[in-house]
Structure formats: C-alpha cells, structure tokens
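Colleague: Next comes the structure file my_file-v2.txt, holding compact mmCIF, C-alpha atoms and all ligand atoms.
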```
# COMPACT_ATOMS: atom_id res chain seq x y z
CA MET A 723 116.12 95.08 91.37
CA LYS A 724 116.94 97.17 94.37
CA ILE A 725 117.06 95.09 97.56
CA LEU A 726 116.52 96.62 101.00
CA ILE A 727 116.86 94.41 104.07
CA THR A 728 115.31 95.96 107.16
CA GLU A 729 115.59 95.09 110.84
CA ASN A 730 112.01 93.91 111.35
CA TYR A 731 108.39 94.01 110.11
CA ASP A 732 107.80 97.58 111.30
CA LYS A 733 110.87 98.92 109.52
CA MET A 734 109.85 97.02 106.37
CA SER A 735 106.44 98.72 106.52
CA GLU A 736 107.99 102.16 107.11
CA THR A 737 110.37 101.72 104.16
CA ALA A 738 107.56 100.68 101.81
CA PHE A 739 105.44 103.56 103.13
CA SER A 740 108.14 106.13 102.32
CA PHE A 741 107.98 105.11 98.63
CA VAL A 742 104.18 105.21 98.55
CA LYS A 743 104.06 108.57 100.33
CA GLU A 744 106.46 110.08 97.80
CA ILE A 745 104.30 108.88 94.92
CA ILE A 746 100.98 110.13 96.29
CA THR A 747 102.54 113.46 97.28
CA GLU A 748 103.97 114.01 93.82
CA LYS A 749 100.89 112.69 92.05
CA PRO A 750 97.61 113.17 93.96
CA ASP A 751 95.73 111.30 91.21
CA ALA A 752 98.08 108.30 91.22
CA VAL A 753 96.89 104.76 90.55
CA LEU A 754 97.89 102.39 93.35
CA GLY A 755 98.13 98.65 92.72
CA LEU A 756 97.28 97.03 96.04
CA ALA A 757 97.75 93.64 97.63
CA THR A 758 96.21 91.73 100.51
CA GLY A 759 97.68 89.33 103.06
CA SER A 760 99.37 89.92 106.40
CA THR A 761 102.43 91.54 104.83
CA PRO A 762 101.01 94.94 103.74
CA ILE A 763 98.81 95.48 106.85
CA GLY A 764 101.54 97.60 108.52
CA LEU A 765 101.95 99.68 105.37
CA TYR A 766 98.20 100.35 105.20
CA ALA A 767 98.18 101.31 108.91
CA LEU A 768 100.91 103.89 108.20
CA MET A 769 98.93 105.26 105.26
CA VAL A 770 95.89 105.63 107.52
CA ARG A 771 97.94 107.30 110.28
CA ASP A 772 99.50 109.69 107.78
CA HIS A 773 96.04 110.57 106.44
CA GLU A 774 94.74 111.22 109.98
CA GLN A 775 97.77 113.12 111.26
CA ASN A 776 99.03 114.94 108.19
CA GLY A 777 95.88 115.18 106.12
CA THR A 778 97.34 113.34 103.14
CA SER A 779 94.35 112.99 100.87
CA TYR A 780 93.24 110.04 98.75
CA LYS A 781 90.39 111.94 97.07
CA GLY A 782 92.03 111.72 93.65
CA ILE A 783 93.67 108.33 94.13
CA LYS A 784 92.50 105.27 92.23
CA SER A 785 93.30 101.69 93.09
CA VAL A 786 93.33 98.25 91.52
CA ASN A 787 93.82 95.09 93.54
CA LEU A 788 95.65 92.00 92.46
CA ASP A 789 93.13 89.33 93.20
CA GLU A 790 89.95 88.05 94.84
CA TYR A 791 88.62 84.67 95.90
CA VAL A 792 86.03 83.13 93.59
CA GLY A 793 82.67 82.88 95.33
CA LEU A 794 83.21 85.44 98.12
CA SER A 795 81.21 88.67 98.14
CA ALA A 796 82.52 92.00 99.43
CA ASP A 797 80.61 91.62 102.70
CA ASN A 798 82.23 88.25 103.44
CA GLU A 799 84.93 88.87 106.06
CA GLN A 800 87.34 86.57 104.24
CA SER A 801 87.06 88.38 100.93
CA TYR A 802 89.80 90.67 99.74
CA ALA A 803 87.26 93.43 99.13
CA TYR A 804 86.35 93.28 102.83
CA PHE A 805 90.05 93.28 103.77
CA MET A 806 90.75 96.41 101.72
CA ASN A 807 87.73 98.27 103.13
CA TYR A 808 88.69 97.29 106.65
CA HIS A 809 92.41 98.07 106.49
CA LEU A 810 92.44 101.07 104.19
CA PHE A 811 89.49 102.30 102.14
CA ASP A 812 87.10 102.90 105.06
CA LYS A 813 89.80 104.79 106.95
CA VAL A 814 90.96 107.30 104.33
CA ASP A 815 89.05 109.71 102.08
CA ILE A 816 89.29 107.60 98.91
CA ASP A 817 86.19 107.52 96.69
CA LYS A 818 85.11 103.85 96.78
CA ASN A 819 84.00 104.17 93.15
CA ASN A 820 87.69 104.55 92.33
CA THR A 821 88.70 101.32 94.07
CA HIS A 822 88.67 98.14 92.01
CA LEU A 823 88.97 94.42 92.63
CA PRO A 824 87.81 91.46 90.58
CA CYS A 825 84.22 90.64 91.60
CA GLY A 826 84.34 87.34 93.49
CA THR A 827 80.68 86.54 92.85
CA ALA A 828 80.65 87.28 89.11
CA GLU A 829 78.51 84.61 87.47
CA ASP A 830 80.41 84.61 84.20
CA LYS A 831 84.01 84.18 85.26
CA LYS A 832 85.46 84.56 81.77
CA ALA A 833 83.58 87.82 81.26
CA GLU A 834 84.82 89.05 84.64
CA CYS A 835 88.44 88.35 83.61
CA ARG A 836 87.86 90.25 80.38
CA ARG A 837 86.29 93.18 82.24
CA TYR A 838 89.25 93.37 84.64
CA ASN A 839 91.82 93.18 81.86
CA GLU A 840 90.10 96.04 80.04
CA LEU A 841 90.03 98.08 83.24
CA LEU A 842 93.75 97.48 83.78
CA LYS A 843 94.46 98.98 80.38
CA THR A 844 93.07 102.29 81.59
CA LEU A 845 94.36 102.09 85.17
CA VAL A 846 98.07 101.37 85.00
CA PRO A 847 99.51 101.46 88.54
CA ASP A 848 102.12 104.10 89.30
CA VAL A 849 103.18 101.66 91.97
CA GLN A 850 102.16 98.06 92.56
CA ILE A 851 102.49 96.66 96.09
CA LEU A 852 103.22 92.94 96.19
CA GLY A 853 103.61 90.27 98.84
CA ILE A 854 105.02 86.88 97.94
CA GLY A 855 103.65 83.40 98.62
CA SER A 856 105.93 80.85 100.29
CA ASN A 857 105.95 79.04 96.92
CA GLY A 858 106.99 82.19 95.05
CA HIS A 859 103.53 83.22 93.86
CA ILE A 860 102.64 86.88 93.29
CA GLY A 861 98.99 87.86 93.32
CA PHE A 862 97.62 84.33 92.93
CA ASN A 863 99.95 83.47 90.07
CA GLU A 864 101.00 80.03 91.20
CA PRO A 865 104.15 78.21 90.02
CA GLY A 866 103.72 77.32 86.36
CA THR A 867 102.07 80.64 85.46
CA GLU A 868 103.76 82.18 82.44
CA LYS A 869 105.06 85.70 81.93
CA ASP A 870 102.45 86.61 79.31
CA SER A 871 99.49 85.71 81.54
CA VAL A 872 96.69 88.23 82.09
CA THR A 873 93.74 88.18 84.51
CA HIS A 874 92.55 84.61 84.84
CA VAL A 875 90.86 82.13 87.16
CA VAL A 876 93.41 80.19 89.18
CA ASN A 877 93.07 76.78 90.76
CA LEU A 878 94.89 77.37 94.03
CA THR A 879 97.64 74.93 94.98
CA GLU A 880 97.38 72.85 98.15
CA ASN A 881 100.35 74.84 99.50
CA THR A 882 98.50 78.15 99.10
CA ILE A 883 95.24 76.76 100.48
CA LYS A 884 97.16 75.55 103.54
CA ASP A 885 99.05 78.87 103.97
CA ASN A 886 95.88 80.92 103.68
CA SER A 887 93.76 78.60 105.87
CA ARG A 888 95.10 80.35 108.98
CA LEU A 889 92.67 83.16 108.24
CA PHE A 890 89.65 80.85 107.95
CA ASP A 891 87.85 78.82 110.64
CA ARG A 892 88.41 75.56 108.77
CA ILE A 893 90.66 74.61 105.84
CA GLU A 894 87.52 73.39 103.99
CA ASP A 895 86.29 76.99 104.00
CA VAL A 896 89.21 78.27 101.88
CA PRO A 897 87.99 78.82 98.32
CA ARG A 898 89.68 76.55 95.77
CA GLN A 899 89.79 79.21 93.09
CA ALA A 900 90.62 82.89 92.75
CA PHE A 901 90.65 85.62 90.14
CA SER A 902 94.13 87.03 89.72
CA MET A 903 95.84 89.63 87.57
CA GLY A 904 98.42 87.85 85.44
CA ILE A 905 102.17 88.40 85.41
CA LYS A 906 101.88 90.58 82.30
CA ASN A 907 99.41 92.88 84.09
CA ILE A 908 101.74 93.13 87.10
CA LEU A 909 104.80 93.89 84.95
CA ALA A 910 102.90 96.76 83.29
CA SER A 911 103.07 98.79 86.54
CA LYS A 912 105.48 101.69 86.49
CA LYS A 913 107.09 100.76 89.80
CA ILE A 914 106.81 97.60 91.90
CA ILE A 915 107.45 97.21 95.61
CA VAL A 916 107.72 93.62 96.84
CA MET A 917 107.43 93.12 100.58
CA ALA A 918 108.23 89.99 102.60
CA SER A 919 108.51 89.24 106.27
CA GLY A 920 109.40 86.14 108.25
CA GLU A 921 111.47 83.03 107.80
CA ASN A 922 108.80 81.11 105.90
CA LYS A 923 109.35 83.52 102.99
CA ALA A 924 113.17 83.21 102.92
CA LYS A 925 113.33 80.46 100.24
CA ALA A 926 110.84 82.24 97.98
CA VAL A 927 112.75 85.53 98.36
CA ARG A 928 116.01 83.82 97.43
CA ALA A 929 114.40 82.13 94.41
CA MET A 930 112.94 85.46 93.27
CA ILE A 931 116.33 87.20 93.43
CA GLU A 932 118.90 84.51 92.73
CA GLY A 933 117.13 81.58 91.11
CA PRO A 934 116.46 81.12 87.41
CA VAL A 935 113.92 83.47 85.82
CA SER A 936 111.21 80.90 85.28
CA SER A 937 107.55 80.12 85.90
CA ALA A 938 108.70 77.71 88.62
CA CYS A 939 108.99 80.87 90.74
CA PRO A 940 106.58 83.44 89.26
CA ALA A 941 108.15 86.23 91.37
CA SER A 942 111.43 85.72 89.46
CA PHE A 943 109.80 87.40 86.40
CA LEU A 944 109.98 90.65 88.35
CA ARG A 945 113.70 90.73 87.53
CA GLU A 946 112.69 91.67 83.98
CA HIS A 947 111.09 94.91 85.19
CA ASN A 948 113.27 98.02 85.37
CA ASP A 949 111.97 99.53 88.63
CA VAL A 950 111.47 96.94 91.35
CA VAL A 951 112.26 97.52 95.01
CA VAL A 952 112.34 94.46 97.27
CA VAL A 953 111.81 95.38 100.93
CA VAL A 954 112.23 92.45 103.29
CA ASP A 955 112.91 92.00 106.97
CA LYS A 956 116.02 90.15 108.17
CA ALA A 957 114.24 86.83 108.54
CA ALA A 958 112.83 86.86 105.00
CA GLY A 959 116.16 88.05 103.62
CA LYS A 960 118.38 85.61 105.48
CA LEU A 961 119.14 83.34 102.49
CA ILE A 962 120.09 86.16 100.09
CA LYS A 963 123.80 86.03 99.24
C1 LIG A 1001 97.91 85.47 99.16
C2 LIG A 1001 97.72 86.66 98.23
C3 LIG A 1001 99.04 87.24 97.81
C4 LIG A 1001 99.92 87.46 99.01
C5 LIG A 1001 100.22 86.13 99.65
C6 LIG A 1001 101.10 86.24 100.87
O1 LIG A 1001 98.00 84.26 98.52
N1 LIG A 1001 96.97 86.32 97.06
O2 LIG A 1001 98.82 88.45 97.10
O3 LIG A 1001 101.11 88.09 98.65
O4 LIG A 1001 98.99 85.55 100.04
O5 LIG A 1001 100.32 86.53 102.00
P1 LIG A 1001 100.87 87.00 103.37
O6 LIG A 1001 101.27 88.41 103.21
O7 LIG A 1001 99.72 86.85 104.31
O8 LIG A 1001 102.01 86.12 103.73
```
What is this structure when it is put down as structure tokens?

Modeller:
Amino acid sequence: MKILITENYDKMSETAFSFVKEIITEKPDAVLGLATGSTPIGLYALMVRDHEQNGTSYKGIKSVNLDEYVGLSADNEQSYAYFMNYHLFDKVDIDKNNTHLPCGTAEDKKAECRRYNELLKTLVPDVQILGIGSNGHIGFNEPGTEKDSVTHVVNLTENTIKDNSRLFDRIEDVPRQAFSMGIKNILASKKIIVMASGENKAKAVRAMIEGPVSSACPASFLREHNDVVVVVDKAAGKLIK
C-alpha cells in the first residue's frame, strides 16, 4: 500500500486525478471502477474540467460502479445512477451504454447480482476508485463481509444508514438495502485508489492500514492487493503512525 497524505480535500482530489488522468491517457479504452459519496466529487469535477479544457475524451472509456440502493431508480435524485450522471457522465463524452451500475429496481435481486457478477468478469477495472465508510466499509461491504464475497444484497448497518441520511430529507427515506460488488470483485481491479477526507474517517483509515486484516474492517483486505494507493487529507490521516 502506498500512502499519500495531502494538505486538504482539494489536494486529495488533485492527487487522485493525476493517477486517473495517466491511466485514461495511456489507455483510451480503459475500464474505470467508480464510487459515489462526497469523497470523489472533487475528482469527478477535475475530470470534467480536464475534458472541457483539454479535450480528454471518454468516448472509449467504460465504467462499472460499486453499488446502488435497492428500490431506487436512475431518475431518483438519491440513486447512485443519478449521482454518476449528474457529477460525471452527463458532463463528459462517455457513451452511457458503456456505463454500468447494479439496477436498483431489479425485481429479481438474485438474478441482478448474477448479471452484475458476469458483467464484472468482462469489465475488469484498470483502476477502481474507492471511498471508505466511517465503519471501514468499501462499496457497501459492511463489517463482517468476507474476502471472497461477490456482488450481493446488503442489509445496511444503522451506522451507514445514519451516515448516509445527511443526503436524504428524512432518515426513514434511506433505503435499508443495497446491491454491492463484493470484496473479491474489488480486489480483481488492476489498481485501486482509496480516498478519504475528514476527521470522521480517521479511525477507519487507521484500521485499514494498521489494524488486523479482517472482515471487522473490510477495507483492511485491500492490504492483500499489490497496487493500492491511499490518498487522504491530513484530517483523515491524523491517526496513521
Ligand atoms: C457510501 C458508499 C461508499 C462510500 C461511502 C463513504 O456508503 N456506498 O462507496 O465510500 O458511502 O461516503 P462519503 O464519501 O460520502 O463519506
């Protein structure tokens, strides 16, 4: 694991962007593994700016996202599909047919997990962007999720529902379940960039880097991958020895 501690959120975003830019420049048909949440918004804004100012093209790029809330459709403002369109896909020249997320409204959830797992076999990310939950989750792989897990339906923990409720009008509106890639899917990516910002992530960041490799902190499994870059701001990195 390579660990980069940056001055603030903006520098964290710029550092992550420099890795992404290198990949899409070298490989215009790269597969990007993408994440949602507040953390990567700055990175996506830099990708959009670079597209607008420098003409970096996403025409050949494909993407797979980590997760989606069960029950939310792509036109629901709280869905991750909506988030990705809003922050990135609508603002660059990517072909939307090449962007993939689990379908939140799939009627047969087991079949949807199978479909996504099959898709991930053909679309292996050249780089996977990750945030981290304050309880150490990656994607929606909550504590207790094992290393060999693949795309599955997750019952979200109270901690995650509370953390994510800030983006909903009422906590009751936060879906109780989500589709998520498993740890095994995430570890299949060629490169992984984990981003974290703010003091409320400091304990999870320390557990990921210095704690035991265990399902108690799903992010700790990333230490078993050979190309992981952790980019955190000072506040999120303050407990790292
Ligand atoms: C959600 C997402 C994760 C994300 C995490 C942190 O639970 N499923 O992929 O990393 O939140 O979000 P934020 O970046 O908003 O702190």

Colleague: With distances taken over all atoms listed in the file, which residue among A:Gly855, A:Gly904, A:Gly782, A:Pro897 lies nearest ligand LIG 1001 (chain A)?

Modeller: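 That would be A:Gly855, the residue with the smallest distance to ligand LIG 1001 (chain A).
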
Colleague: Which residues of chain A sit at most 7 Å from ligand LIG 1001 (chain A), using only C-alpha atoms and all ligand atoms? Give each one's shortest atom pair and distance in Å (one decimal place), in chain and ascending residue order, as CSV.

Modeller:
```
residue,atom,partner,partner_atom,distance
A:Ala757,CA,A:LIG1001,O2,5.3
A:Thr758,CA,A:LIG1001,O2,5.4
A:Gly759,CA,A:LIG1001,O7,3.4
A:Ser760,CA,A:LIG1001,O7,3.7
A:Thr761,CA,A:LIG1001,O6,3.7
A:Pro762,CA,A:LIG1001,O6,6.6
A:Leu788,CA,A:LIG1001,O2,6.6
A:Asp789,CA,A:LIG1001,N1,6.2
A:Leu852,CA,A:LIG1001,O3,5.8
A:Gly853,CA,A:LIG1001,O3,3.3
A:Ile854,CA,A:LIG1001,O3,4.2
A:Gly855,CA,A:LIG1001,C6,4.4
A:Ile860,CA,A:LIG1001,O2,5.6
A:Gly861,CA,A:LIG1001,O2,3.8
A:Phe862,CA,A:LIG1001,N1,4.6
A:Thr882,CA,A:LIG1001,O1,6.2
A:Asn886,CA,A:LIG1001,O1,6.5
```

Colleague: Residues at most 10 Å from Ile914 (chain A), counting all atoms listed in the file, excluding those fewer than 2 positions away in the same chain, as a list of chain:residue names?

Modeller: A:Met723, A:Gly755, A:Pro847, A:Asp848, A:Val849, A:Gln850, A:Ile851, A:Leu852, A:Ile908, A:Leu909, A:Ala910, A:Ser911, A:Lys912, A:Val916, A:Met917, A:Leu944, A:His947, A:Asn948, A:Asp949, A:Val950, A:Val951, A:Val952

Colleague: Find, counting all atoms listed in the file, the residue in A:Val876, A:Ser801, A:Val954, A:Ala828 that gets nearest to Lys724 (chain A).

Modeller: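 When distances to Lys724 (chain A) are compared using all atoms listed in the file, the smallest one comes from A:Val954.
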
Colleague: From the options A:Ala900, A:Leu842, A:Ile746, A:Ile962, which residue's atoms come nearest to Gly793 (chain A), counting only C-alpha atoms?

Modeller: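 Smallest distance to Gly793 (chain A) is found for A:Ala900.
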
Colleague: When distances are computed from only C-alpha atoms, which of A:Gly933, A:Gly826, A:Gly920, A:Pro940 shows the smallest separation from Lys956 (chain A)?

Modeller: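 Counting only C-alpha atoms, the residue closest to Lys956 (chain A) is A:Gly920.
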
Colleague: In Å, rounded to a single decimal, give me how far CA of Leu823 (chain A) is from CA of Arg836 (chain A).

Modeller: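 Separating CA of Arg836 (chain A) from CA of Leu823 (chain A) is a distance of 13.0 Å.
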
Colleague: Distance CA of Cys835 (chain A)-CA of Met806 (chain A), one decimal place?

Modeller: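 So the answer is 20.0 Å.
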
Colleague: Determine the nearest neighbour of Asn839 (chain A) from the options A:Ile915, A:Met903, A:Cys825, A:Leu878, counting all atoms listed in the file.

Modeller: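 The closest residue to Asn839 (chain A) is A:Met903.
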
Colleague: Only C-alpha atoms needed: put region 777-803 of chain A from the block into a file as a tab-separated table (two decimals), in the first residue's frame.

Modeller:
```
chain	number	residue	atom	x	y	z
A	777	GLY	CA	-10.40	17.72	-24.68
A	778	THR	CA	-9.59	14.49	-22.86
A	779	SER	CA	-12.09	12.09	-24.35
A	780	TYR	CA	-14.16	9.38	-22.66
A	781	LYS	CA	-15.58	8.02	-25.92
A	782	GLY	CA	-13.79	4.68	-25.50
A	783	ILE	CA	-13.98	4.53	-21.70
A	784	LYS	CA	-16.18	2.02	-19.92
A	785	SER	CA	-17.23	2.17	-16.30
A	786	VAL	CA	-18.59	-0.05	-13.56
A	787	ASN	CA	-19.86	1.31	-10.28
A	788	LEU	CA	-19.54	-0.29	-6.90
A	789	ASP	CA	-23.08	-0.19	-5.67
A	790	GLU	CA	-26.67	1.04	-5.82
A	791	TYR	CA	-29.53	1.36	-3.36
A	792	VAL	CA	-32.22	-1.31	-3.63
A	793	GLY	CA	-35.51	0.22	-4.73
A	794	LEU	CA	-34.21	3.48	-6.25
A	795	SER	CA	-34.48	4.08	-9.99
A	796	ALA	CA	-31.97	6.05	-12.04
A	797	ASP	CA	-34.23	9.11	-12.10
A	798	ASN	CA	-34.45	9.22	-8.31
A	799	GLU	CA	-32.13	12.00	-7.14
A	800	GLN	CA	-30.83	9.85	-4.29
A	801	SER	CA	-29.83	6.96	-6.52
A	802	TYR	CA	-26.22	6.36	-7.38
A	803	ALA	CA	-27.10	6.22	-11.08
```
